[in-house]
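Q: Following this line is target-v8.cif, made up of mmCIF, C-alpha atoms:
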```
data_query
loop_
_atom_site.label_atom_id
_atom_site.label_comp_id
_atom_site.auth_asym_id
_atom_site.auth_seq_id
_atom_site.Cartn_x
_atom_site.Cartn_y
_atom_site.Cartn_z
CA MET A 3 105.86 83.96 96.31
CA ARG A 4 104.39 82.94 99.66
CA ASP A 5 107.77 81.84 100.98
CA ASP A 6 109.11 85.25 99.99
CA ILE A 7 106.52 87.56 101.50
CA THR A 8 106.29 85.65 104.76
CA SER A 9 110.06 85.53 105.27
CA ILE A 10 110.23 89.19 106.33
CA PRO A 11 112.02 89.23 109.70
CA ILE A 12 109.81 90.59 112.46
CA SER A 13 112.77 92.61 113.71
CA GLU A 14 112.69 94.57 110.44
CA VAL A 15 109.42 96.20 111.44
CA PHE A 16 109.92 96.37 115.20
CA GLU A 17 113.48 97.70 115.48
CA PRO A 18 112.83 101.21 114.06
CA ARG A 19 110.57 102.02 117.07
CA ASP A 20 108.72 104.58 114.97
CA GLY A 21 104.94 104.49 114.73
CA CYS A 22 102.94 101.28 114.53
CA PRO A 23 105.09 98.22 113.70
CA ILE A 24 102.10 96.30 112.36
CA CYS A 25 101.37 99.11 109.91
CA ARG A 26 104.96 98.80 108.71
CA LEU A 27 104.52 95.06 108.36
CA ARG A 28 101.33 95.48 106.35
CA ASN A 29 102.97 98.13 104.16
CA LEU A 30 105.99 95.91 103.45
CA LEU A 31 103.76 93.01 102.49
CA GLU A 32 101.66 95.23 100.22
CA ASP A 33 104.74 96.63 98.49
CA ARG A 34 106.14 93.16 97.86
CA VAL A 35 102.88 91.79 96.46
CA VAL A 36 102.33 94.85 94.24
CA ASP A 37 105.93 94.65 92.97
CA TYR A 38 105.34 90.96 92.32
CA ILE A 39 102.07 91.40 90.46
CA THR A 40 103.30 94.32 88.32
CA GLY A 41 106.52 92.47 87.48
CA ALA A 42 107.08 89.19 85.70
CA ALA A 43 104.22 87.51 87.58
CA MET A 44 101.64 89.37 85.51
CA MET A 45 102.39 86.96 82.66
CA GLU A 46 102.21 83.79 84.77
CA PRO A 47 99.01 81.92 83.79
CA ASP A 48 98.05 80.79 87.31
CA VAL A 49 98.55 84.28 88.75
CA ARG A 50 96.76 85.93 85.86
CA GLN A 51 93.83 83.60 86.37
CA GLU A 52 93.52 84.77 89.96
CA THR A 53 93.86 88.47 89.15
CA ASN A 54 91.29 88.12 86.36
CA LYS A 55 88.84 86.66 88.84
CA LEU A 56 89.55 88.78 91.93
CA GLY A 57 90.64 92.14 90.57
CA PHE A 58 91.90 94.80 92.99
CA CYS A 59 90.57 97.31 95.50
CA ILE A 60 91.06 101.03 94.90
CA ASP A 61 94.01 101.28 97.33
CA HIS A 62 95.94 98.58 95.52
CA PHE A 63 94.98 99.82 92.06
CA GLN A 64 96.51 103.15 93.06
CA MET A 65 99.65 101.43 94.32
CA MET A 66 99.95 99.53 91.04
CA MET A 67 99.59 102.70 88.98
CA LYS A 68 102.32 104.42 91.02
CA ARG A 69 104.76 101.74 89.85
CA ARG A 70 104.82 103.57 86.48
CA ASN A 71 104.19 100.40 84.55
CA ARG A 72 101.06 101.55 82.76
CA LEU A 73 101.38 98.91 80.06
CA GLY A 74 101.52 96.19 82.71
CA VAL A 75 98.43 97.57 84.46
CA ALA A 76 96.64 97.81 81.11
CA LEU A 77 97.43 94.15 80.32
CA ILE A 78 96.07 93.09 83.72
CA LEU A 79 92.97 95.22 83.20
CA GLU A 80 92.35 93.90 79.70
CA SER A 81 91.94 90.32 80.83
CA HIS A 82 90.20 91.29 84.09
CA LEU A 83 87.58 93.32 82.22
CA GLU A 84 87.06 90.40 79.85
CA GLU A 85 86.51 88.11 82.83
CA MET A 86 84.02 90.58 84.36
CA GLU A 87 82.01 90.52 81.14
CA LYS A 88 81.86 86.72 81.30
CA GLN A 89 81.03 86.59 85.01
CA ILE A 90 78.39 89.32 85.11
CA PHE A 91 76.96 89.81 81.65
CA ASN A 92 77.02 86.30 80.20
CA GLY A 93 73.54 86.20 78.70
CA VAL A 94 70.77 88.69 78.01
CA PRO A 95 69.72 90.55 81.19
CA LEU A 96 66.06 89.93 81.95
CA LEU A 97 63.83 91.08 84.78
CA GLY A 98 63.58 88.55 87.56
CA LYS A 99 66.11 85.84 88.36
CA SER A 100 68.56 86.76 85.60
CA SER A 101 68.88 90.40 86.66
CA LYS A 102 69.21 89.41 90.32
CA LYS A 103 72.00 87.00 89.42
CA GLN A 104 73.81 89.74 87.51
CA ALA A 105 73.46 92.13 90.45
CA LYS A 106 74.80 89.49 92.85
CA SER A 107 77.76 88.75 90.56
CA ALA A 108 78.52 92.45 90.22
CA ARG A 109 78.36 92.97 93.98
CA GLU A 110 80.68 90.04 94.64
CA SER A 111 83.16 91.18 92.01
CA VAL A 112 83.72 94.59 93.65
CA CYS A 113 84.40 93.06 97.07
CA THR A 114 87.51 91.08 96.15
CA CYS A 115 91.17 91.99 95.68
CA PHE A 116 94.14 89.80 94.79
CA VAL A 117 96.58 91.90 96.85
CA CYS A 118 94.28 92.00 99.90
CA ASN A 119 93.97 88.21 99.79
CA GLN A 120 97.74 87.71 99.64
CA VAL A 121 98.45 90.27 102.35
CA ASN A 122 95.75 88.94 104.67
CA TRP A 123 97.08 85.40 104.22
CA ALA A 124 100.58 86.53 105.14
CA MET A 125 99.45 88.82 107.99
CA GLU A 126 97.70 85.95 109.75
CA ARG A 127 100.94 84.02 109.85
CA MET A 128 103.13 86.98 110.76
CA LEU A 129 100.85 87.98 113.65
CA ALA A 130 100.98 84.39 114.89
CA THR A 131 104.78 84.60 114.71
CA ILE A 132 104.71 87.79 116.80
CA CYS A 133 102.69 85.97 119.46
CA ARG A 134 105.10 83.04 119.42
CA LEU A 135 108.11 85.33 119.77
CA TRP A 136 106.48 87.13 122.68
CA GLU A 137 106.03 83.83 124.49
CA ASN A 138 109.49 82.43 123.77
CA GLU A 139 111.93 85.33 123.33
CA ARG A 140 112.53 87.77 126.19
CA ASP A 141 114.48 90.11 123.90
CA PHE A 142 111.50 90.37 121.58
CA ARG A 143 109.16 90.98 124.52
CA ALA A 144 111.31 93.94 125.54
CA LEU A 145 111.39 95.19 121.94
CA PHE A 146 107.60 94.95 121.70
CA GLU A 147 107.12 96.94 124.91
CA GLN A 148 109.38 99.70 123.55
CA GLN A 149 107.10 100.42 120.59
CA PRO A 150 105.80 104.01 120.61
CA ALA A 151 102.43 103.35 118.97
CA LEU A 152 99.79 100.86 117.88
CA CYS A 153 96.88 101.84 115.70
CA LEU A 154 93.41 100.67 116.73
CA PRO A 155 92.81 98.12 113.89
CA HIS A 156 96.15 96.41 114.43
CA PHE A 157 95.74 96.41 118.21
CA SER A 158 92.48 94.55 117.62
CA GLN A 159 94.11 92.06 115.25
CA LEU A 160 96.98 91.40 117.65
CA ILE A 161 94.64 90.67 120.57
CA GLU A 162 92.41 88.44 118.43
CA THR A 163 95.46 86.49 117.25
CA ALA A 164 96.86 86.23 120.77
CA THR A 165 93.53 84.89 122.03
CA ALA A 166 93.68 82.13 119.42
CA LYS A 167 97.41 81.36 119.49
CA MET A 168 98.80 82.13 122.95
CA SER A 169 98.65 80.18 126.17
CA LYS A 170 96.13 81.50 128.69
CA LYS A 171 98.99 82.34 131.04
CA GLU A 172 100.59 84.77 128.58
CA ILE A 173 97.53 86.38 126.96
CA SER A 174 96.81 88.78 129.82
CA TYR A 175 100.41 90.04 129.94
CA PHE A 176 100.52 90.48 126.17
CA ALA A 177 97.13 92.21 126.08
CA LYS A 178 98.20 94.58 128.87
CA ALA A 179 101.40 95.55 127.04
CA ALA A 180 99.58 96.08 123.72
CA SER A 181 96.78 98.00 125.41
CA GLU A 182 99.20 100.38 127.12
CA ILE A 183 100.92 101.19 123.82
CA CYS A 184 97.64 101.71 121.97
CA GLN A 185 96.10 103.81 124.76
CA SER A 186 99.21 105.95 124.98
CA SER A 187 98.78 106.79 121.28
CA LEU A 188 95.14 107.64 121.89
CA LYS A 189 95.89 109.99 124.80
CA GLU A 190 98.52 111.83 122.77
CA LEU A 191 96.12 112.24 119.85
CA ARG A 192 93.29 113.50 122.06
CA SER A 193 95.59 116.12 123.53
CA ASP A 194 96.87 117.20 120.10
CA VAL A 195 93.40 117.41 118.56
CA SER A 196 92.13 119.47 121.51
CA HIS A 197 95.13 121.80 121.17
CA PHE A 198 94.49 122.13 117.43
CA ILE A 199 90.90 123.20 118.11
CA LYS A 200 91.95 125.70 120.79
CA MET A 201 94.37 127.35 118.38
CA PHE A 202 91.42 128.59 116.32
CA ASP A 203 90.39 130.83 119.19
CA TYR A 204 91.68 134.31 118.30
CA ARG A 205 93.05 134.68 121.82
CA ASN A 206 95.43 131.75 121.22
CA ASN A 207 96.23 132.19 117.53
CA GLN A 208 98.55 135.16 117.77
CA GLU A 209 101.76 135.60 115.79
CA GLY A 210 104.34 133.09 116.96
CA ALA A 211 101.70 130.97 118.74
CA ASP A 212 102.83 127.48 119.69
CA TRP A 213 100.85 124.83 117.79
CA GLY A 214 102.96 122.07 119.30
CA ASN A 215 102.38 118.74 117.54
CA SER A 216 98.78 119.57 116.69
CA LYS A 217 99.01 120.66 113.05
CA ASP A 218 98.85 117.11 111.68
CA SER A 219 96.68 115.75 114.50
CA ILE A 220 93.71 115.20 112.16
CA GLU A 221 95.75 113.04 109.79
CA ARG A 222 97.32 111.11 112.67
CA SER A 223 93.91 110.54 114.26
CA VAL A 224 92.54 109.15 111.00
CA TRP A 225 95.59 106.88 110.84
CA TRP A 226 95.05 105.64 114.42
CA LEU A 227 91.40 104.86 113.68
CA THR A 228 91.92 103.24 110.27
CA SER A 229 95.65 102.24 110.03
CA ARG A 230 95.87 104.38 106.88
CA TYR A 231 97.25 107.86 106.32
#
```
Written as structure tokens, that's how I'd like the structure from this file.
A:
Amino acid sequence: MRDDITSIPISEVFEPRDGCPICRLRNLLEDRVVDYITGAAMMEPDVRQETNKLGFCIDHFQMMMKRRNRLGVALILESHLEEMEKQIFNGVPLLGKSSKKQAKSARESVCTCFVCNQVNWAMERMLATICRLWENERDFRALFEQQPALCLPHFSQLIETATAKMSKKEISYFAKAASEICQSSLKELRSDVSHFIKMFDYRNNQEGADWGNSKDSIERSVWWLTSRY
């Protein structure tokens, strides 16, 4: 599976020039892992062992349920719930060390996700590939600079990766290009949110009033801050 999800061409997410390319990359990886886990892989013993142990976060549970394979999700849940009983409630809960151990096990169990692990593993390598392409391919550098948006979380991840993977000579140029794209998104959002607020003044909100691009500015601002719509 790893060879599959990390073989996505970078150009596939950069060429559309629509929104944040790293969001598209993350979404593609998530879709492939969720398709994988709700398909034949759910019956593979090594994969099932991992999903039993790690479970899934709410975002990826919702993605799995949208695949309309309720039986598959139920089979995954059946063995995961059994594993949770073994991990957390193996033994009679007593006050003191035993109850603290159960609480710790429960806390750890809700902080893990099989899909998140797979996507994060792949994202690290894909972001490193982006940095390598920037350094070595002038065409990709031009393509990167043409991107219309970068959300704040993925801007942060790109700069952190560049700091670790790029030569000192190139980091400043890369960071400047990424910063300009991200800041441009921010300025547009600030303007749209301010316009949205002004439209609630009765003097501005007349019939046929021009809302511009402000009507979905709240949703787009949440996306920019979190990388999620």
Q: How close does each residue of stretch 117-216 of chain A get to stretch 32-47 of chain A, giving the shortest atom pair and distance in Å to one decimal for every residue with an atom at most 8 Å away, counting only C-alpha atoms, sorted by chain and residue number, as CSV?
A:
```
residue,atom,partner,partner_atom,distance
A:Val117,CA,A:Val35,CA,6.3
A:Gln120,CA,A:Val35,CA,7.3
A:Val121,CA,A:Glu32,CA,6.3
```
Q: A:Ala177, A:Cys118, A:Met168, A:Leu160: which is nearest A:Asp61, counting all atoms listed in the file?
A: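 Smallest distance to A:Asp61 is found for A:Cys118.
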Q: Write out as a VMD selection string the residues lying within 10 Å of A:Ile60, counting all atoms listed in the file and excluding same-chain residues fewer than 6 positions away.
A: chain A and resid 66 112 115
Q: Please determine the residues with any atom at most 10 Å from (95.3, 114.4, 122.6) (coordinates as given in the file, with all atoms listed in the file counting) and report them as a list in words.
A: Ser186, Ser187, Leu188, Lys189, Glu190, Leu191, Arg192, Ser193, Asp194, Val195, Ser196, His197, Phe198, Asn215, Ser216, Ser219 and Ser223 of chain A
Q: Quote the spacing between atom CA of A:Met67 and atom CA of A:Asp20 in Å to one decimal place.
A: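 Between atom CA of A:Met67 and atom CA of A:Asp20 the gap is 27.6 Å.
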Q: Provide the atom CA of A:Trp226 to atom CA of A:Ala124 distance in Å, to one decimal place.
A: 22.0 Å
Q: Record the distance separating atom CA of A:Ala180 and atom CA of A:Lys217, expressed in Å with one decimal.
A: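 Going from atom CA of A:Ala180 over to atom CA of A:Lys217, I get 26.8 Å.
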Q: Which residue gives the smallest distance to A:Met86 among A:Asp218, A:Asp141, A:Glu182, A:Glu110, with only C-alpha atoms counted?
A: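 Of A:Asp218, A:Asp141, A:Glu182, A:Glu110, the one nearest A:Met86 is A:Glu110, counting only C-alpha atoms.
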Q: Restricting the calculation to all atoms listed in the file: of A:Phe146, A:Tyr231, A:Phe157, A:Phe116, which residue gets closest to A:Leu56?
A: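 Of all the options, A:Phe116 lies closest to A:Leu56.
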